[in-house]
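Participant: Dropping a structure here in structure tokens format, bear with me for questions.
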Amino acid sequence: MTQIETDFVVVGSGIAGLMTALSLQESGDVLVISKARYEESNSFRAQGGIAAAIGEGDSPELHREDTLRTGVDLCDPTSVEVMVHMAPRTIQLLAEWGTPFDQTNGHYSLGREGSHSVSRILHVAGDQTGAGITASLLERAKQSDQIDLITHTMVADLLIEQGQCRGVKTFDLKGKPTIILARKGVVLATGGCGQLYRYTTNDLVVTGDGFAMAHRAGAALTDMEFVQFHPTALAVEQNPMFLISEAVRGDGAILVNDHEEAFMEKYHEWKDLAPRDVVSRAIYRETQAGRQVFLDATQIQANFSDRFPKIFRECLKHGIDPRKDLIPVTPAAHFIMGGIRTDLEGQTTVPRLFACGEVACTGVHGANRLASNSLLEGAVFAQRVANKLASLSPQKSDLLTFDYPDLCMDKQKEETWKAQIREIMWNHAGIVRTLSSLLAGLKQLKQLEEEIPLGFIECHNMLTTAQIMIKSACWRQESRGGHYRFDYPETVTEWSRKHYVI
Ligand SMILES: Cc1cc2nc3c(=O)[nH]c(=O)nc-3n(C[C@H](O)[C@H](O)[C@H](O)COP(=O)(O)OP(=O)(O)OC[C@H]3O[C@@H](n4cnc5c(N)ncnc54)[C@H](O)[C@@H]3O)c2cc1C
């Protein structure tokens with residue numbers, strides 16, 4: 001088997017992976033590995049923007065308060081403090097590294113999104129913030145002599161020896177295995193797990209691999225019951241589903257049902273800009289009552305096609321003109337607040353294994369994520385991971401043996417099983433949960449686990465991550481943020497600050 005060696009291995013080329021690599025380049029050789037094309041990441045898909053307290057009348061303290069309130073008493077206040085204070089400097093760094101943030105009259109244009117008390121969302125080309133940021137970072141990474149980037153290569157597992165992470169095992173598109181040793185450490189920046197759900201806004205590559213690999217390596221995961229369902233995916237059957245950014249509601253669009261009722265008034269005082277879990281459940285209740293739900297953007301002040309060019313084009317593709325038609329919407333799995341538990345430097349509980357971005361749980365999101373805080377989290381904590389990693393001394397590398405099964409390449413079977421997992425999670429661990437339904441889902445996942453050969457690595461990663469999520473959801477006997485239990489509908493003070501760690 002081919003074996004190569006480098007100083008740092010970074011798994012993932014979204015905002016977290018690229019920022020880590022660029023922040024590490026002065027400290028040694030970095031290899032960035034991604035499963036598919038660079039454009040295939042959630043970072044590339046991000047629309048609305050990235051939050052930072054840089055506007056007049058705003059402050060890191062206000063940003064902190066909004067983040068803590070949205071996280072419903074479950075955020076780690078120290079992590080939040082770090083993130084909101086590093087935010088303005090991080091925006092400056094991104095701009096220096098080439099991100100062309102939108103400006104008005106020489107100042108950054110700042111949008112407003114749900115649960116933010118002021119306008120603090122920076123964006124690029126209106127609704128193409130993620131693509132704008134990742135394209136600039138990628139360009140810079142490609143120019144670096146210290147950074148090697150490889151695509152279409154799947155990291156199958158972590159190499160653990162004497163309790164330390166020594167590297168990774170990969171498969172290329174043809175199923176050829178390679179061992180990659182990391183002299184200083186490995187960073188998981190593999191994103192979330194939206195593809196575990198039938199309806200999701202997440203890219204096809206986002207199958208929860210990082211959580212499963214970390215779990216197999218013995219790392220602690222936490223808060224895995226908290227999934228954010230975005231209320232407004234375009235209700236057209238496709239995978240992934242297209243997101244109608246919250247910024248559209250921020251600019252004045254409202255949710256209506258097929259009785260032309262602006263129903264959010266019934267559910268929350270903040271109406272259409274209520275927290276995402278509240279809006280998603282409101283839509284769920286409307287649809288359970290047999291109604292259809294739409295976004296009415298016909299009255300927004302801004303010129304829709306200028307402000308939201310990508311959303312405009314996608315709607316037109318499906319015969320919907322947002323300037324005069326109602327846009328059909330549905331909630332879809334969007335983001336996971338939990339993840340691999342890390343400290344403020346991204347260190348996991350396994351030495352020399354680091355995590356940042358959506359796969360990590362730094363504690364900044366608590367039970368619910370404030371809109372536009374996740375690009376920020378990835379960019380901030382990537383810099384801290386790099387700082388810490390650079391300070392480590394190199395470890396001795398030997399030839400390692402590794403017994404992972406060969407990769408199974410039968411795409412048709414794989415897709416069938418993936419669809420089954422996604423259906424189970426949507427039906428049993430979705431927007432509204434009960435113990436009996438969660439347990440029924442768990443049973444079905446276990447049956448599939450026995451049926452599917454181990455070489456279907458993505459399927460097994462999905463199954464491992466899904467079971468951790470369900471066990472966590474069974475444990476939390478209350479409702480909070482992104483976790484809603486029909487059998488325990490109240491938020492209970494005694495559960496504040498309690499975390500389930502697997
Ligand atoms: C449609 C959409 C819109 C969003 N809008 C916003 C927004 O406006 N603001 C905001 O803050 N957040 C937004 N989010 C959330 C945000 O985009 C993500 O949380 C964030 O981009 C995650 O970044 P990441 O670097 O951690 O992971 P990702 O960007 O998802 O990247 C994951 C990387 O890991 C690689 N990978 C995964 N598994 C493996 C493996 N086994 N082997 C090799 N490589 C692997 C993938 O190939 C990919 O390169 C949005 C999300 C979506 C889906």
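Simple scheme: letters A, B, ... for chains in structure tokens order, numbers from 1 for residues in each chain, numbers from 1 for ligands in the order shown.
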Let me have all residues with an atom within 7 Å of ligand 1, counting only C-alpha atoms and all ligand atoms, laid out as number ranges by chain.

Facilitator: A: 11-17, 33-36, 38, 40-50, 129-130, 153-156, 189-192, 201-203, 205-210, 242-243, 334-335, 356-359, 371-376, 378

Participant: Mind checking which residues fall within 7 Å of Gly363 of chain A, counting only C-alpha atoms, ignoring those fewer than 6 positions away in the same chain, and posting them as a list in words?

Facilitator: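 Counting only C-alpha atoms, the residues come to Cys75, Asp76 and Ser79 of chain A.
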
Participant: Do you know which residues are at most 10 Å from Lys498 of chain A counting only C-alpha atoms, after dropping those on the same chain fewer than 3 positions away, and could you put them as a PyMOL selection string?

Facilitator: chain A and resi 73-74+223+476+493-495+501

Participant: Write the residues of the preceding selection, restricted to C-alpha atoms, as a short mmCIF file (atom, residue, chain, number, x, y, z; two decimals), in the first residue's frame.

Facilitator:
```
data_model
loop_
_atom_site.label_atom_id
_atom_site.label_comp_id
_atom_site.auth_asym_id
_atom_site.auth_seq_id
_atom_site.Cartn_x
_atom_site.Cartn_y
_atom_site.Cartn_z
CA ASP A 73 -28.71 28.34 28.07
CA LEU A 74 -26.50 25.71 26.57
CA ASP A 223 -24.79 17.79 22.01
CA ARG A 476 -32.69 14.67 26.66
CA THR A 493 -34.28 24.64 33.88
CA GLU A 494 -32.61 21.55 35.40
CA TRP A 495 -31.50 20.51 31.91
CA VAL A 501 -21.25 13.14 25.93
#
```

Participant: When distances are computed from only C-alpha atoms, which of A:Lys446, A:His152, A:His107, A:Arg140 shows the smallest separation from Glu39 of chain A?

Facilitator: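 Once distances to Glu39 of chain A are computed over only C-alpha atoms, the minimum belongs to A:His152.
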
Participant: Take atom CA of Val187 of chain A and atom CA of Val82 of chain A and report the distance between them in Å, one decimal.

Facilitator: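 Interatomic distance, atom CA of Val187 of chain A to atom CA of Val82 of chain A: 20.0 Å.
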
Participant: Pick the closest to Glu478 of chain A from A:Ile502, A:Glu225, A:Lys388, A:Ile254: which is it, counting only C-alpha atoms?

Facilitator: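 So, comparing all the options, the nearest one is A:Glu225.
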
Participant: How many Å lie between atom CA of Thr151 of chain A and atom CA of Ala135 of chain A, rounded to one decimal?

Facilitator: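 Straight-line distance from atom CA of Thr151 of chain A to atom CA of Ala135 of chain A works out to 15.0 Å.
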
Participant: Between atom CA of Thr348 of chain A and atom CA of Ala219 of chain A, what is the distance in Å, rounded to a tenth?

Facilitator: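 Those two atoms sit 6.5 Å apart.
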
Participant: Residues near segment 289-291 of chain A, anyone? I mean within 7 Å using only C-alpha atoms, not counting same-chain ones fewer than 2 positions away, as a list in words.

Facilitator: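 The neighbour list is Asn257, Asp258, Arg285, Glu286, Thr287 and Val293 of chain A.
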
Participant: For Asp325 of chain A, list every protein, DNA or RNA residue within 10 Å, evaluated using only C-alpha atoms, and leave out those in the same chain fewer than 2 positions away; present the list as a ChimeraX atom specification.

Facilitator: /A:294-298,315,319-323,327-328

Participant: Those residues with C-alpha atoms, as a short mmCIF file (atom, residue, chain, number, x, y, z; two decimals), in the first residue's frame please?

Facilitator:
```
data_model
loop_
_atom_site.label_atom_id
_atom_site.label_comp_id
_atom_site.auth_asym_id
_atom_site.auth_seq_id
_atom_site.Cartn_x
_atom_site.Cartn_y
_atom_site.Cartn_z
CA PHE A 294 -45.30 29.71 0.98
CA LEU A 295 -42.91 32.60 1.27
CA ASP A 296 -44.42 35.83 0.03
CA ALA A 297 -41.55 38.00 -1.20
CA THR A 298 -43.67 40.17 -3.43
CA CYS A 315 -36.81 30.13 -8.50
CA GLY A 319 -41.20 28.50 -13.01
CA ILE A 320 -41.55 30.73 -9.93
CA ASP A 321 -41.02 34.48 -10.25
CA PRO A 322 -40.49 35.71 -6.65
CA ARG A 323 -41.49 39.25 -7.68
CA ILE A 327 -42.52 30.57 -3.26
CA PRO A 328 -43.44 27.08 -1.88
#
```

Participant: From segment 204-319 of chain A, collect each residue whose DSSP state is alpha helix (DSSP H) and return the set as a ChimeraX atom specification.

Facilitator: /A:209-216,246-250,264-267,276-288,304-307,309-317

Participant: Which residues, written as a list in words, have at least one atom at most 8 Å from Leu435 of chain A, with only C-alpha atoms counted and residues fewer than 3 positions away on the same chain left out?

Facilitator: Leu438, Leu439, Cys474, Arg485 and Asp487 of chain A

Participant: When distances are computed from only C-alpha atoms, which of A:Ile54, A:Lys142, A:Thr78, A:Gly163 shows the smallest separation from Ile91 of chain A?

Facilitator: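 Closest candidate: A:Ile54.
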
Participant: Leaving out Ala440 of chain A and any residue of its chain fewer than 4 positions from it, which residues lie within 8 Å of it when counting only C-alpha atoms, given as a PyMOL selection string?

Facilitator: chain A and resi 428+436+444

Participant: Write down as an NGL selection string the residues of segment 40-135 of chain A whose backbone DSSP state falls under strand (DSSP E).

Facilitator: :A and (50-51 or 103-104 or 107-108 or 110-111 or 121-122)

Participant: Can you write just those residues out, N, CA and C atoms, as a compact mmCIF listing (two decimals), in the first residue's frame?

Facilitator:
```
# COMPACT_ATOMS: atom_id res chain seq x y z
N ILE A 50 -21.92 36.18 6.90
CA ILE A 50 -21.07 35.88 8.06
C ILE A 50 -21.22 37.05 9.04
N ALA A 51 -21.41 36.69 10.31
CA ALA A 51 -21.74 37.72 11.31
C ALA A 51 -20.48 38.28 11.96
N GLN A 103 -20.11 46.19 -0.45
CA GLN A 103 -19.99 47.49 0.23
C GLN A 103 -21.02 48.48 -0.30
N THR A 104 -21.37 49.43 0.56
CA THR A 104 -22.21 50.55 0.14
C THR A 104 -21.50 51.82 0.58
N HIS A 107 -18.43 51.49 2.76
CA HIS A 107 -18.52 50.73 4.02
C HIS A 107 -19.14 49.36 3.72
N TYR A 108 -18.75 48.36 4.55
CA TYR A 108 -19.35 47.05 4.35
C TYR A 108 -20.88 47.13 4.50
N LEU A 110 -24.29 45.74 5.65
CA LEU A 110 -24.63 44.81 6.72
C LEU A 110 -26.11 44.46 6.66
N GLY A 111 -26.41 43.16 6.53
CA GLY A 111 -27.81 42.71 6.49
C GLY A 111 -28.26 42.30 7.88
N ILE A 121 -24.67 41.32 9.33
CA ILE A 121 -24.31 40.20 8.46
C ILE A 121 -23.62 40.71 7.20
N LEU A 122 -22.33 40.37 7.07
CA LEU A 122 -21.61 40.73 5.85
C LEU A 122 -21.92 39.70 4.78
```

Participant: Looking at A:Leu316, A:Val80, A:Leu234, A:Gln292, which one is nearest to His259 of chain A, with distances taken over only C-alpha atoms?

Facilitator: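 Under the stated criterion, the closest residue is A:Gln292.
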
Participant: Given the choices A:Met337, A:Ala282, A:Ile468, A:Ala386, which gets closest to Met264 of chain A if the distance is worked out from only C-alpha atoms?

Facilitator: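 Answer, going by the shortest atom-to-atom distance: A:Ala282.
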
Participant: Between A:Leu344, A:Cys193, A:Met462, A:Leu173, which is the closest to Val227 of chain A once you count only C-alpha atoms?

Facilitator: A:Cys193
